[in-house]
Every structure is written in C-alpha cells, then in structure tokens.
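Next comes final.cif, a file with mmCIF, C-alpha atoms and all ligand atoms.
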data_structure
loop_
_atom_site.group_PDB
_atom_site.id
_atom_site.type_symbol
_atom_site.label_atom_id
_atom_site.label_comp_id
_atom_site.auth_asym_id
_atom_site.auth_seq_id
_atom_site.Cartn_x
_atom_site.Cartn_y
_atom_site.Cartn_z
ATOM 1 C CA MET A 1 107.456 119.192 88.275
ATOM 2 C CA SER A 2 105.389 118.824 91.462
ATOM 3 C CA GLU A 3 105.670 121.437 94.158
ATOM 4 C CA SER A 4 106.421 120.818 97.792
ATOM 5 C CA ARG A 5 103.168 120.611 99.746
ATOM 6 C CA SER A 6 102.336 119.725 103.308
ATOM 7 C CA PRO A 7 100.214 116.680 104.120
ATOM 8 C CA PHE A 8 99.247 118.572 107.262
ATOM 9 C CA LEU A 9 97.352 121.002 105.045
ATOM 10 C CA LEU A 10 95.828 118.465 102.648
ATOM 11 C CA PRO A 11 92.190 117.705 103.333
ATOM 12 C CA GLU A 12 91.635 114.350 104.979
ATOM 13 C CA ASN A 13 89.007 112.852 102.684
ATOM 14 C CA ASP A 14 86.381 112.408 105.386
ATOM 15 C CA LEU A 15 88.108 109.246 106.366
ATOM 16 C CA PRO A 16 85.739 106.504 107.400
ATOM 17 C CA ALA A 17 86.598 104.075 110.203
ATOM 18 C CA LEU A 18 89.565 101.902 109.338
ATOM 19 C CA PRO A 19 88.466 99.773 106.364
ATOM 20 C CA LYS A 20 88.380 96.009 106.842
ATOM 21 C CA TRP A 21 91.163 95.452 104.342
ATOM 22 C CA LEU A 22 93.475 97.451 106.581
ATOM 23 C CA ARG A 23 93.068 95.117 109.518
ATOM 24 C CA ASN A 24 95.307 92.148 109.769
ATOM 25 C CA SER A 25 93.059 89.365 110.962
ATOM 26 C CA TYR A 26 95.770 87.634 113.004
ATOM 27 C CA PRO A 27 94.999 88.345 116.641
ATOM 28 C CA LYS A 28 97.366 90.822 118.227
ATOM 29 C CA TYR A 29 97.020 89.259 121.672
ATOM 30 C CA LYS A 30 99.037 86.372 120.228
ATOM 31 C CA PHE A 31 101.909 88.769 119.782
ATOM 32 C CA ASP A 32 101.717 89.847 123.413
ATOM 33 C CA GLN A 33 101.748 86.221 124.502
ATOM 34 C CA LEU A 34 104.508 85.028 122.199
ATOM 35 C CA ILE A 35 106.849 87.998 122.480
ATOM 36 C CA LYS A 36 107.213 87.295 126.205
ATOM 37 C CA LYS A 37 108.700 83.902 125.386
ATOM 38 C CA MET A 38 111.344 85.321 123.080
ATOM 39 C CA PRO A 39 114.822 85.776 124.567
ATOM 40 C CA LEU A 40 115.094 89.449 123.668
ATOM 41 C CA ASP A 41 117.352 90.054 126.635
ATOM 42 C CA GLY A 42 116.833 93.816 126.706
ATOM 43 C CA MET A 43 116.514 94.286 122.928
ATOM 44 C CA THR A 44 113.215 95.408 121.402
ATOM 45 C CA THR A 45 111.366 94.821 118.158
ATOM 46 C CA VAL A 46 110.216 97.351 115.633
ATOM 47 C CA CYS A 47 107.038 95.283 115.487
ATOM 48 C CA GLU A 48 106.157 96.505 118.993
ATOM 49 C CA GLU A 49 107.751 99.924 118.780
ATOM 50 C CA ALA A 50 105.938 100.840 115.582
ATOM 51 C CA LYS A 51 102.737 99.056 116.660
ATOM 52 C CA CYS A 52 102.840 97.264 113.353
ATOM 53 C CA PRO A 53 99.435 95.970 112.227
ATOM 54 C CA ASN A 54 101.061 92.690 111.150
ATOM 55 C CA ARG A 55 102.599 91.773 114.464
ATOM 56 C CA GLY A 56 100.126 88.967 115.196
ATOM 57 C CA GLU A 57 100.785 87.426 111.791
ATOM 58 C CA CYS A 58 104.565 87.700 111.777
ATOM 59 C CA ILE A 59 105.081 86.358 115.256
ATOM 60 C CA SER A 60 102.713 83.503 114.454
ATOM 61 C CA ARG A 61 105.220 82.577 111.755
ATOM 62 C CA GLY A 62 108.000 82.791 114.356
ATOM 63 C CA ILE A 63 109.397 86.045 112.963
ATOM 64 C CA VAL A 64 110.016 89.488 114.435
ATOM 65 C CA THR A 65 112.279 92.348 113.363
ATOM 66 C CA VAL A 66 114.701 93.050 116.168
ATOM 67 C CA MET A 67 116.149 96.494 116.792
ATOM 68 C CA ILE A 68 119.751 96.834 117.797
ATOM 69 C CA LEU A 69 121.175 99.968 119.449
ATOM 70 C CA GLY A 70 118.201 100.415 121.754
ATOM 71 C CA SER A 71 114.718 101.664 121.057
ATOM 72 C CA ASN A 72 115.196 105.408 121.479
ATOM 73 C CA CYS A 73 115.538 107.546 118.375
ATOM 74 C CA THR A 74 117.352 110.871 118.136
ATOM 75 C CA ARG A 75 115.091 112.259 115.374
ATOM 76 C CA ALA A 76 111.480 113.314 115.351
ATOM 77 C CA CYS A 77 110.013 112.091 112.081
ATOM 78 C CA THR A 78 106.314 112.795 111.933
ATOM 79 C CA PHE A 79 105.316 109.339 110.674
ATOM 80 C CA CYS A 80 107.120 107.297 113.286
ATOM 81 C CA ASP A 81 106.090 106.088 116.710
ATOM 82 C CA VAL A 82 109.507 104.980 117.969
ATOM 83 C CA ASP A 83 110.465 106.501 121.352
ATOM 84 C CA ARG A 84 112.444 109.741 121.435
ATOM 85 C CA ASP A 85 114.016 109.378 124.847
ATOM 86 C CA GLN A 86 117.660 109.561 125.800
ATOM 87 C CA PRO A 87 119.529 107.062 123.590
ATOM 88 C CA LEU A 88 120.881 103.986 125.334
ATOM 89 C CA GLN A 89 124.518 102.935 125.616
ATOM 90 C CA VAL A 90 125.720 100.599 122.897
ATOM 91 C CA ASP A 91 125.622 97.033 124.186
ATOM 92 C CA PRO A 92 128.818 95.115 123.324
ATOM 93 C CA ASP A 93 126.957 91.858 123.946
ATOM 94 C CA GLU A 94 124.340 92.566 121.287
ATOM 95 C CA PRO A 95 125.826 90.223 118.643
ATOM 96 C CA ARG A 96 125.495 87.256 121.009
ATOM 97 C CA LYS A 97 122.008 88.319 122.062
ATOM 98 C CA MET A 98 120.962 88.561 118.434
ATOM 99 C CA LEU A 99 122.300 85.073 117.727
ATOM 100 C CA ASN A 100 120.280 83.808 120.664
ATOM 101 C CA MET A 101 117.145 85.367 119.169
ATOM 102 C CA VAL A 102 117.926 83.903 115.759
ATOM 103 C CA GLU A 103 118.280 80.453 117.271
ATOM 104 C CA TYR A 104 115.018 80.852 119.104
ATOM 105 C CA MET A 105 113.117 81.971 115.974
ATOM 106 C CA ASP A 106 114.731 79.127 114.066
ATOM 107 C CA SER A 107 113.581 76.599 116.647
ATOM 108 C CA VAL A 108 109.991 77.926 116.520
ATOM 109 C CA ILE A 109 109.903 77.682 112.724
ATOM 110 C CA GLN A 110 111.398 74.182 112.781
ATOM 111 C CA GLU A 111 108.891 73.064 115.353
ATOM 112 C CA GLN A 112 105.948 74.523 113.439
ATOM 113 C CA SER A 113 107.044 72.859 110.206
ATOM 114 C CA ASN A 114 108.095 69.540 111.719
ATOM 115 C CA GLY A 115 111.657 70.247 110.784
ATOM 116 C CA LYS A 116 110.906 71.046 107.134
ATOM 117 C CA GLU A 117 111.688 74.760 107.370
ATOM 118 C CA SER A 118 114.129 76.959 109.217
ATOM 119 C CA LEU A 119 114.728 80.671 109.629
ATOM 120 C CA SER A 120 116.099 81.637 106.236
ATOM 121 C CA TYR A 121 115.959 85.426 106.283
ATOM 122 C CA LEU A 122 116.345 88.027 108.992
ATOM 123 C CA VAL A 123 115.765 91.781 108.979
ATOM 124 C CA ILE A 124 117.765 93.776 111.503
ATOM 125 C CA THR A 125 117.105 97.433 112.145
ATOM 126 C CA ALA A 126 117.946 100.241 114.572
ATOM 127 C CA PRO A 127 116.689 103.687 115.478
ATOM 128 C CA THR A 128 118.545 106.731 114.203
ATOM 129 C CA ARG A 129 121.499 107.343 116.528
ATOM 130 C CA ASP A 130 122.874 110.791 115.689
ATOM 131 C CA ASP A 131 124.611 110.748 119.088
ATOM 132 C CA LEU A 132 127.075 108.080 117.876
ATOM 133 C CA PHE A 133 129.953 109.152 115.659
ATOM 134 C CA ASP A 134 129.136 106.496 113.050
ATOM 135 C CA GLY A 135 125.385 106.434 113.714
ATOM 136 C CA GLY A 136 125.780 102.849 114.910
ATOM 137 C CA ALA A 137 127.065 101.451 111.598
ATOM 138 C CA SER A 138 129.908 99.524 113.285
ATOM 139 C CA GLN A 139 127.354 97.814 115.549
ATOM 140 C CA PHE A 140 125.363 96.723 112.499
ATOM 141 C CA ARG A 141 128.594 95.268 111.166
ATOM 142 C CA LYS A 142 129.516 93.459 114.395
ATOM 143 C CA VAL A 143 126.073 91.886 114.697
ATOM 144 C CA THR A 144 126.026 90.833 111.039
ATOM 145 C CA GLU A 145 129.504 89.344 111.114
ATOM 146 C CA TYR A 146 128.765 87.425 114.280
ATOM 147 C CA LEU A 147 125.608 85.947 112.775
ATOM 148 C CA ARG A 148 127.482 85.070 109.586
ATOM 149 C CA GLU A 149 130.058 83.167 111.624
ATOM 150 C CA HIS A 150 127.418 81.077 113.362
ATOM 151 C CA LYS A 151 124.546 80.869 110.871
ATOM 152 C CA THR A 152 126.086 80.462 107.474
ATOM 153 C CA ASN A 153 122.824 79.914 105.576
ATOM 154 C CA LEU A 154 120.961 82.853 106.998
ATOM 155 C CA ARG A 155 120.202 85.722 104.617
ATOM 156 C CA ILE A 156 120.508 89.074 106.342
ATOM 157 C CA GLU A 157 118.828 92.346 105.478
ATOM 158 C CA LEU A 158 119.960 95.524 107.203
ATOM 159 C CA LEU A 159 117.221 98.135 107.394
ATOM 160 C CA ILE A 160 119.382 101.140 108.110
ATOM 161 C CA PRO A 161 118.940 104.743 109.220
ATOM 162 C CA ASP A 162 120.566 107.403 107.041
ATOM 163 C CA PHE A 163 123.806 107.730 109.072
ATOM 164 C CA GLN A 164 123.697 111.416 108.055
ATOM 165 C CA ASN A 165 125.059 110.235 104.706
ATOM 166 C CA GLN A 166 128.540 109.698 106.129
ATOM 167 C CA SER A 167 130.424 107.561 103.643
ATOM 168 C CA PHE A 168 132.588 105.885 106.293
ATOM 169 C CA ALA A 169 129.410 104.619 107.949
ATOM 170 C CA PHE A 170 128.142 103.301 104.603
ATOM 171 C CA ASP A 171 131.507 101.555 104.131
ATOM 172 C CA GLU A 172 130.973 99.730 107.437
ATOM 173 C CA ILE A 173 127.596 98.507 106.206
ATOM 174 C CA ILE A 174 129.086 97.308 102.930
ATOM 175 C CA ALA A 175 131.929 95.584 104.787
ATOM 176 C CA ALA A 176 129.368 93.718 106.896
ATOM 177 C CA GLU A 177 128.244 92.003 103.662
ATOM 178 C CA PRO A 178 124.526 91.680 104.289
ATOM 179 C CA ASP A 179 122.451 90.200 101.463
ATOM 180 C CA MET A 180 120.240 93.263 101.333
ATOM 181 C CA ILE A 181 120.636 96.876 102.377
ATOM 182 C CA CYS A 182 117.329 98.647 102.842
ATOM 183 C CA PHE A 183 116.703 102.302 103.463
ATOM 184 C CA ASP A 184 113.106 103.479 103.467
ATOM 185 C CA ILE A 185 112.737 106.609 101.381
ATOM 186 C CA GLN A 186 109.192 106.845 102.835
ATOM 187 C CA THR A 187 107.533 109.355 100.541
ATOM 188 C CA VAL A 188 107.604 111.293 97.285
ATOM 189 C CA LYS A 189 109.704 114.365 96.745
ATOM 190 C CA ALA A 190 106.808 116.846 97.069
ATOM 191 C CA LEU A 191 105.953 115.681 100.600
ATOM 192 C CA TYR A 192 109.438 114.970 101.837
ATOM 193 C CA LYS A 193 110.281 117.894 104.044
ATOM 194 C CA TRP A 194 107.045 117.605 105.997
ATOM 195 C CA ILE A 195 107.514 113.979 106.743
ATOM 196 C CA ARG A 196 111.209 113.575 107.361
ATOM 197 C CA PRO A 197 112.598 116.850 108.656
ATOM 198 C CA GLY A 198 116.373 116.805 108.869
ATOM 199 C CA PHE A 199 116.809 114.800 105.668
ATOM 200 C CA THR A 200 115.959 115.340 102.026
ATOM 201 C CA TYR A 201 114.747 113.336 99.055
ATOM 202 C CA GLU A 202 117.982 114.150 97.240
ATOM 203 C CA LYS A 203 120.070 112.898 100.158
ATOM 204 C CA ALA A 204 118.090 109.658 100.143
ATOM 205 C CA LEU A 205 118.974 109.158 96.483
ATOM 206 C CA ASP A 206 122.613 110.072 97.204
ATOM 207 C CA LEU A 207 122.682 107.394 99.902
ATOM 208 C CA PHE A 208 121.649 104.744 97.386
ATOM 209 C CA ALA A 209 123.976 106.138 94.734
ATOM 210 C CA TYR A 210 126.911 105.683 97.117
ATOM 211 C CA PHE A 211 125.989 102.097 97.892
ATOM 212 C CA ASN A 212 125.321 101.384 94.238
ATOM 213 C CA GLU A 213 128.758 102.604 93.294
ATOM 214 C CA HIS A 214 130.675 100.852 96.053
ATOM 215 C CA LEU A 215 129.071 97.496 96.732
ATOM 216 C CA ASP A 216 129.424 94.191 94.930
ATOM 217 C CA LYS A 217 126.063 93.808 93.222
ATOM 218 C CA LYS A 218 126.448 90.062 92.946
ATOM 219 C CA LYS A 219 126.446 89.841 96.724
ATOM 220 C CA ILE A 220 124.359 92.737 98.017
ATOM 221 C CA SER A 221 121.059 94.143 96.735
ATOM 222 C CA LEU A 222 119.372 97.440 97.495
ATOM 223 C CA LYS A 223 115.822 97.908 98.690
ATOM 224 C CA SER A 224 113.614 100.811 99.683
ATOM 225 C CA GLY A 225 110.144 101.310 101.082
ATOM 226 C CA MET A 226 107.468 103.978 101.084
ATOM 227 C CA MET A 227 104.164 104.788 102.730
ATOM 228 C CA LEU A 228 101.010 105.581 100.767
ATOM 229 C CA GLY A 229 98.001 107.603 101.843
ATOM 230 C CA LEU A 230 99.784 110.875 102.563
ATOM 231 C CA GLY A 231 98.419 112.726 99.558
ATOM 232 C CA GLU A 232 101.052 111.549 97.076
ATOM 233 C CA LYS A 233 100.003 111.552 93.428
ATOM 234 C CA PRO A 234 100.358 108.430 91.253
ATOM 235 C CA ASP A 235 102.743 110.145 88.806
ATOM 236 C CA GLU A 236 104.921 111.197 91.760
ATOM 237 C CA VAL A 237 105.070 107.601 92.967
ATOM 238 C CA VAL A 238 106.085 106.402 89.508
ATOM 239 C CA SER A 239 108.792 109.104 89.386
ATOM 240 C CA LEU A 240 110.035 107.883 92.752
ATOM 241 C CA MET A 241 110.283 104.338 91.382
ATOM 242 C CA GLN A 242 112.267 105.623 88.427
ATOM 243 C CA ASP A 243 114.552 107.627 90.711
ATOM 244 C CA LEU A 244 115.197 104.590 92.889
ATOM 245 C CA LEU A 245 115.988 102.449 89.870
ATOM 246 C CA SER A 246 118.403 105.065 88.596
ATOM 247 C CA VAL A 247 120.478 104.664 91.780
ATOM 248 C CA GLY A 248 120.536 100.886 91.782
ATOM 249 C CA VAL A 249 117.527 99.975 93.924
ATOM 250 C CA GLU A 250 115.985 96.707 92.740
ATOM 251 C CA TYR A 251 113.478 95.949 95.499
ATOM 252 C CA MET A 252 110.728 98.130 96.816
ATOM 253 C CA THR A 253 107.834 97.901 99.247
ATOM 254 C CA MET A 254 104.791 100.119 99.626
ATOM 255 C CA GLY A 255 101.869 100.045 102.022
ATOM 256 C CA GLN A 256 99.274 102.246 103.665
ATOM 257 C CA TYR A 257 100.418 104.723 106.306
ATOM 258 C CA LEU A 258 98.424 104.316 109.506
ATOM 259 C CA LYS A 259 98.389 106.866 112.264
ATOM 260 C CA ALA A 260 98.833 105.794 115.850
ATOM 261 C CA PRO A 261 97.067 108.098 118.373
ATOM 262 C CA SER A 262 100.425 109.496 119.515
ATOM 263 C CA MET A 263 101.419 110.559 115.996
ATOM 264 C CA GLN A 264 100.683 113.909 114.388
ATOM 265 C CA LEU A 265 100.955 113.135 110.695
ATOM 266 C CA PRO A 266 97.423 112.684 109.340
ATOM 267 C CA VAL A 267 96.248 109.988 106.954
ATOM 268 C CA VAL A 268 95.022 111.797 103.847
ATOM 269 C CA ASP A 269 93.396 108.802 102.180
ATOM 270 C CA TYR A 270 93.121 105.045 102.196
ATOM 271 C CA ILE A 271 94.595 103.665 99.002
ATOM 272 C CA GLU A 272 92.515 100.982 97.349
ATOM 273 C CA GLU A 273 93.607 97.754 95.710
ATOM 274 C CA GLU A 274 93.306 98.989 92.110
ATOM 275 C CA GLN A 275 95.889 101.675 92.839
ATOM 276 C CA TYR A 276 98.305 99.050 94.190
ATOM 277 C CA GLN A 277 97.655 97.035 91.044
ATOM 278 C CA PHE A 278 98.579 100.073 88.953
ATOM 279 C CA TYR A 279 101.858 100.475 90.880
ATOM 280 C CA ARG A 280 102.639 96.761 90.539
ATOM 281 C CA GLU A 281 102.141 96.996 86.782
ATOM 282 C CA GLN A 282 104.303 100.115 86.565
ATOM 283 C CA ALA A 283 107.043 98.458 88.605
ATOM 284 C CA LYS A 284 106.988 95.386 86.389
ATOM 285 C CA GLU A 285 107.323 97.515 83.311
ATOM 286 C CA LEU A 286 110.224 99.403 84.836
ATOM 287 C CA GLY A 287 111.981 96.253 86.071
ATOM 288 C CA LEU A 288 111.588 96.834 89.798
ATOM 289 C CA TRP A 289 110.631 94.094 92.278
ATOM 290 C CA LEU A 290 107.676 95.569 94.107
ATOM 291 C CA GLN A 291 105.763 94.237 97.065
ATOM 292 C CA ALA A 292 102.700 96.461 97.388
ATOM 293 C CA SER A 293 99.550 95.978 99.425
ATOM 294 C CA PRO A 294 97.724 97.913 102.141
ATOM 295 C CA LEU A 295 99.482 96.026 104.933
ATOM 296 C CA THR A 296 102.921 95.822 103.376
ATOM 297 C CA ARG A 297 105.680 97.142 105.600
ATOM 298 C CA SER A 298 109.388 97.223 104.924
ATOM 299 C CA SER A 299 109.999 93.902 106.667
ATOM 300 C CA TYR A 300 106.631 92.277 105.968
ATOM 301 C CA LEU A 301 107.134 88.761 104.607
ATOM 302 C CA ALA A 302 110.623 89.888 103.631
ATOM 303 C CA ASP A 303 111.774 86.277 103.428
ATOM 304 C CA LYS A 304 109.049 85.409 100.922
ATOM 305 C CA PHE A 305 109.654 88.558 98.900
ATOM 306 C CA PHE A 306 113.344 87.744 98.558
ATOM 307 C CA GLU A 307 112.706 84.071 97.892
ATOM 308 C CA GLU A 308 110.135 84.734 95.179
ATOM 309 C CA SER A 309 112.311 87.227 93.349
ATOM 310 C CA SER A 310 115.332 84.886 93.521
ATOM 311 C CA LEU A 311 113.250 81.998 92.196
ATOM 312 C CA ASP A 312 112.050 84.098 89.322
ATOM 313 C CA VAL A 313 115.571 85.105 88.380
ATOM 314 C CA ASN A 314 116.918 81.551 88.477
HETATM 315 S S1 LIG C 401 105.844 93.526 109.145
HETATM 316 FE FE1 LIG C 401 107.896 93.753 110.043
HETATM 317 S S2 LIG C 401 107.603 95.200 111.714
HETATM 318 FE FE2 LIG C 401 105.591 94.419 111.164
HETATM 319 S S3 LIG C 401 105.255 92.721 112.535
HETATM 320 FE FE3 LIG C 401 106.123 91.901 110.663
HETATM 321 S S4 LIG C 401 108.306 91.809 111.045
HETATM 322 FE FE4 LIG C 401 107.431 93.153 112.590
#

Render the structure in this file as structure tokens.
Ligand code: SF4
Amino acid sequence: MSESRSPFLLPENDLPALPKWLRNSYPKYKFDQLIKKMPLDGMTTVCEEAKCPNRGECISRGIVTVMILGSNCTRACTFCDVDRDQPLQVDPDEPRKMLNMVEYMDSVIQEQSNGKESLSYLVITAPTRDDLFDGGASQFRKVTEYLREHKTNLRIELLIPDFQNQSFAFDEIIAAEPDMICFDIQTVKALYKWIRPGFTYEKALDLFAYFNEHLDKKKISLKSGMMLGLGEKPDEVVSLMQDLLSVGVEYMTMGQYLKAPSMQLPVVDYIEEEQYQFYREQAKELGLWLQASPLTRSSYLADKFFEESSLDVN
C-alpha cells in the first residue's frame, strides 16, 4: 500500500521549458476574439477561468464549458486557478441564459458545417459553493430541466463539485436526469490530501458509490477525471482506475497537470506518450472508457468521447 506523500516535497525533475506536445497549436487569441461574441450574459466559462490550454481549439469548434453559479469558489484546492472571492448570488435567470448560450453554440456549429452538424453534447459545471445549503445542486437541476424542455436532442453532462457528499444534493442531480455525471477525482490516494484539502479519496469513492446505487444506469453514466504529472506512480493510477470501476464509473479522462503562475502546486514531471499508452491499454483490459493524452481535460472533446464510446457499444 502506498503512503501519503506531498507533491510539494517531491523533486521537480529539472523540468525543461514546456514541451511542444503540451502546447495546443490552436491560437489562443482566437478564444479572446470569439468569446466576446458569445451571449454569456454574466456567466463565465471554465475554459477562461482555468486558463485551459485547449481554449483556442474548443472555441474554434464552437464549444465552451459554461459555469453556472458564478465563478467564485469557496474552496482553495492547490491545483485550481478558479477565483476564491465572495461567492455570487444565485441567478434565477440562469436556465434561460444557458439556453441562449446553447442556441448560440448550436448556430456556430451549424454555420461551420453548412447545416450538417449541430451541438450534440454540452458540459455544464460550477465552482464549489459551500455557502449554499445544497451546494447549488438544485440550480444544476433547474438548468438541466430547462434545457431538456427546449433542446430535446442535446446530451448533457454535469461536471459537479462534491456537494460535501450530501445525499439530498446528489438526489437533485439524479432527478435532473443528465446523460452523464462527472466528478473529477483528480489524483491518486497517496497524493490526495495535499491536492484537495477538505475532501478525501474515500469520500470521492463514496460519492460515486451513492450515484451508482441510486441512478438508472440505462439513462445516466458516471465519469471521472484525473491529472498526471504530480508524482503519482503507475501502479497507483491503475489502482485508482480499479477503484473507480468498483463504484460504477465507466468513463475516465486523464491529462497533464499544468501550473499557472498564480498556482502553488508544482509540476513534478511531464508524462510522455508511452505512459498514456500504458494507461489506455490498462483501461481497455479493465473495461473502462479512457480518454488520455497530455492535453486531455475533463471536458475536452467530451462530445466525441461520448459519441465514440456509444458507437462502439452499438
Ligand atoms: S477542454 Fe474543456 S475547459 Fe478546456 S477549453 Fe475545451 S471545453 Fe473549455
């Protein structure tokens, strides 16, 4: 069994400048140009908030991941760059605003494809809102139900915070009937307490176990994501995959952790392609759908990931 160890104390392996394969070649200025045209109406995107390296690419496809419940988080996770200011009031008009965004993204995709494609899959997320009694779960539900009413063919993934493992909040998420519920476990057990203070690896598994027990698996799937490059060991990553599978998670993403200047958590190493290949092979053997590459993020090409796995099943 691996012992808890701090990535803050692990030696950074004389990290060279950011390797080429960790740069998304889509120009980021495109994001700055295109995001201004989107009718966000006071909402923000995790693409901007997290300074995601893929933001030029995703917005070029017409896709962003919108955050509901404001952009200020009530936690202080060491890997995350989301603002930690005073949380904002819940906006009762957010369902309509989200529909507006969906229609806009849809129109961009239709225009780009000459009407051959439309927005098929949407990821919605929110910061952690410990100030709200249900952590914002009822707002996730309202937004999802409103979209369902107006966009019947849209697949919806809810990338949720932990809601302090309150079962009534999880019930709200289940009642919203998204197609996918995603919670990012983020790292292996041995590194957990250094990376996500205020939550534990065991609680993350309990969260999935609750969903697994209470949701209709024909309608809703479970997904999780993790960051690599924090000093995790390959056998610990494989154990994490097994743990996730044991609590009903079928989809998983993994990609390289990158440190923004404002963040404290160091990068320990840059994981190379052969290691991703190893994890992909392990996942296949275990029966887990895994999207793994240096630039993979929880919502990266989420539509394609879902589509490909569904095609393979059918
Ligand atoms: S990977 Fe997700 S967070 Fe990053 S730019 Fe794309 S949609 Fe936004």

Starting from 6 Å padding per side, set up an axis-aligned box that covers all listed atoms of ligand LIG 401 (chain C) and hand over centre and edge lengths in Å, one decimal, as lines of an AutoDock Vina configuration file.
center_x = 106.8
center_y = 93.5
center_z = 110.9
size_x = 15.1
size_y = 15.4
size_z = 15.4

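Neighbours of ligand LIG 401 (chain C) at a cut-off of 9 Å, computed so that only C-alpha atoms and all ligand atoms are counted, are the residues Phe31, Thr45, Val46, Cys47, Glu48, Glu49, Ala50, Lys51, Cys52, Pro53, Asn54, Arg55, Gly56, Glu57, Cys58, Ile59, Ile63, Val64, Thr65, Val66, Val123, Leu295, Thr296, Arg297, Ser298, Ser299, Tyr300, Leu301 and Ala302 of chain A.
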
One decimal, in Å: what's the spacing between CA of Pro294 in chain A and CA of Val268 in chain A?
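Going from CA of Pro294 in chain A over to CA of Val268 in chain A, I get 14.2 Å.
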
Evaluate the PyMOL selection byres (((chain A and resi 132) around 12) and not hetatm) here and jot the selected residues down as number ranges by chain.
A: 69, 73-74, 87-90, 127-131, 133-139, 163-164, 166, 169

Which residue of A:Ile160, A:Gln242, A:Pro197, A:Arg141 approaches Ile174 in chain A most closely, using all atoms listed in the file:
A:Arg141

Residues matched by the PyMOL selection byres (((chain A and resi 2-9) around 9) and not hetatm) as a ChimeraX atom specification
/A:1,10-12,189-195,230-232,236,264-268

Okay, now the selection with C-alpha atoms, as a short mmCIF file (atom, residue, chain, number, x, y, z; two decimals), in the frame of the given file?
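File written: selection17.cif
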data_model
loop_
_atom_site.label_atom_id
_atom_site.label_comp_id
_atom_site.auth_asym_id
_atom_site.auth_seq_id
_atom_site.Cartn_x
_atom_site.Cartn_y
_atom_site.Cartn_z
CA MET A 1 107.46 119.19 88.28
CA LEU A 10 95.83 118.46 102.65
CA PRO A 11 92.19 117.70 103.33
CA GLU A 12 91.64 114.35 104.98
CA LYS A 189 109.70 114.36 96.74
CA ALA A 190 106.81 116.85 97.07
CA LEU A 191 105.95 115.68 100.60
CA TYR A 192 109.44 114.97 101.84
CA LYS A 193 110.28 117.89 104.04
CA TRP A 194 107.04 117.60 106.00
CA ILE A 195 107.51 113.98 106.74
CA LEU A 230 99.78 110.88 102.56
CA GLY A 231 98.42 112.73 99.56
CA GLU A 232 101.05 111.55 97.08
CA GLU A 236 104.92 111.20 91.76
CA GLN A 264 100.68 113.91 114.39
CA LEU A 265 100.96 113.14 110.70
CA PRO A 266 97.42 112.68 109.34
CA VAL A 267 96.25 109.99 106.95
CA VAL A 268 95.02 111.80 103.85
#

Expand the PyMOL selection byres (((chain A and resi 287) around 12) and not hetatm) into the explicit residue set it covers here, and present it as a ChimeraX atom specification.
/A:241-242,244-246,248-252,279-286,288-290,309,313

Output C-alpha atoms for every residue in that selection, as a short mmCIF file (atom, residue, chain, number, x, y, z; two decimals), in the frame of the given file.
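See again_21.cif below for the written result:
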data_model
loop_
_atom_site.label_atom_id
_atom_site.label_comp_id
_atom_site.auth_asym_id
_atom_site.auth_seq_id
_atom_site.Cartn_x
_atom_site.Cartn_y
_atom_site.Cartn_z
CA MET A 241 110.28 104.34 91.38
CA GLN A 242 112.27 105.62 88.43
CA LEU A 244 115.20 104.59 92.89
CA LEU A 245 115.99 102.45 89.87
CA SER A 246 118.40 105.06 88.60
CA GLY A 248 120.54 100.89 91.78
CA VAL A 249 117.53 99.98 93.92
CA GLU A 250 115.98 96.71 92.74
CA TYR A 251 113.48 95.95 95.50
CA MET A 252 110.73 98.13 96.82
CA TYR A 279 101.86 100.48 90.88
CA ARG A 280 102.64 96.76 90.54
CA GLU A 281 102.14 97.00 86.78
CA GLN A 282 104.30 100.12 86.56
CA ALA A 283 107.04 98.46 88.60
CA LYS A 284 106.99 95.39 86.39
CA GLU A 285 107.32 97.52 83.31
CA LEU A 286 110.22 99.40 84.84
CA LEU A 288 111.59 96.83 89.80
CA TRP A 289 110.63 94.09 92.28
CA LEU A 290 107.68 95.57 94.11
CA SER A 309 112.31 87.23 93.35
CA VAL A 313 115.57 85.10 88.38
#

Write out as number ranges by chain each polymer residue whose atoms come within 9 Å of Ser293 in chain A, counting only C-alpha atoms; drop sequence neighbours fewer than 2 positions from it.
A: 253-256, 272-273, 276-277, 291, 295-297
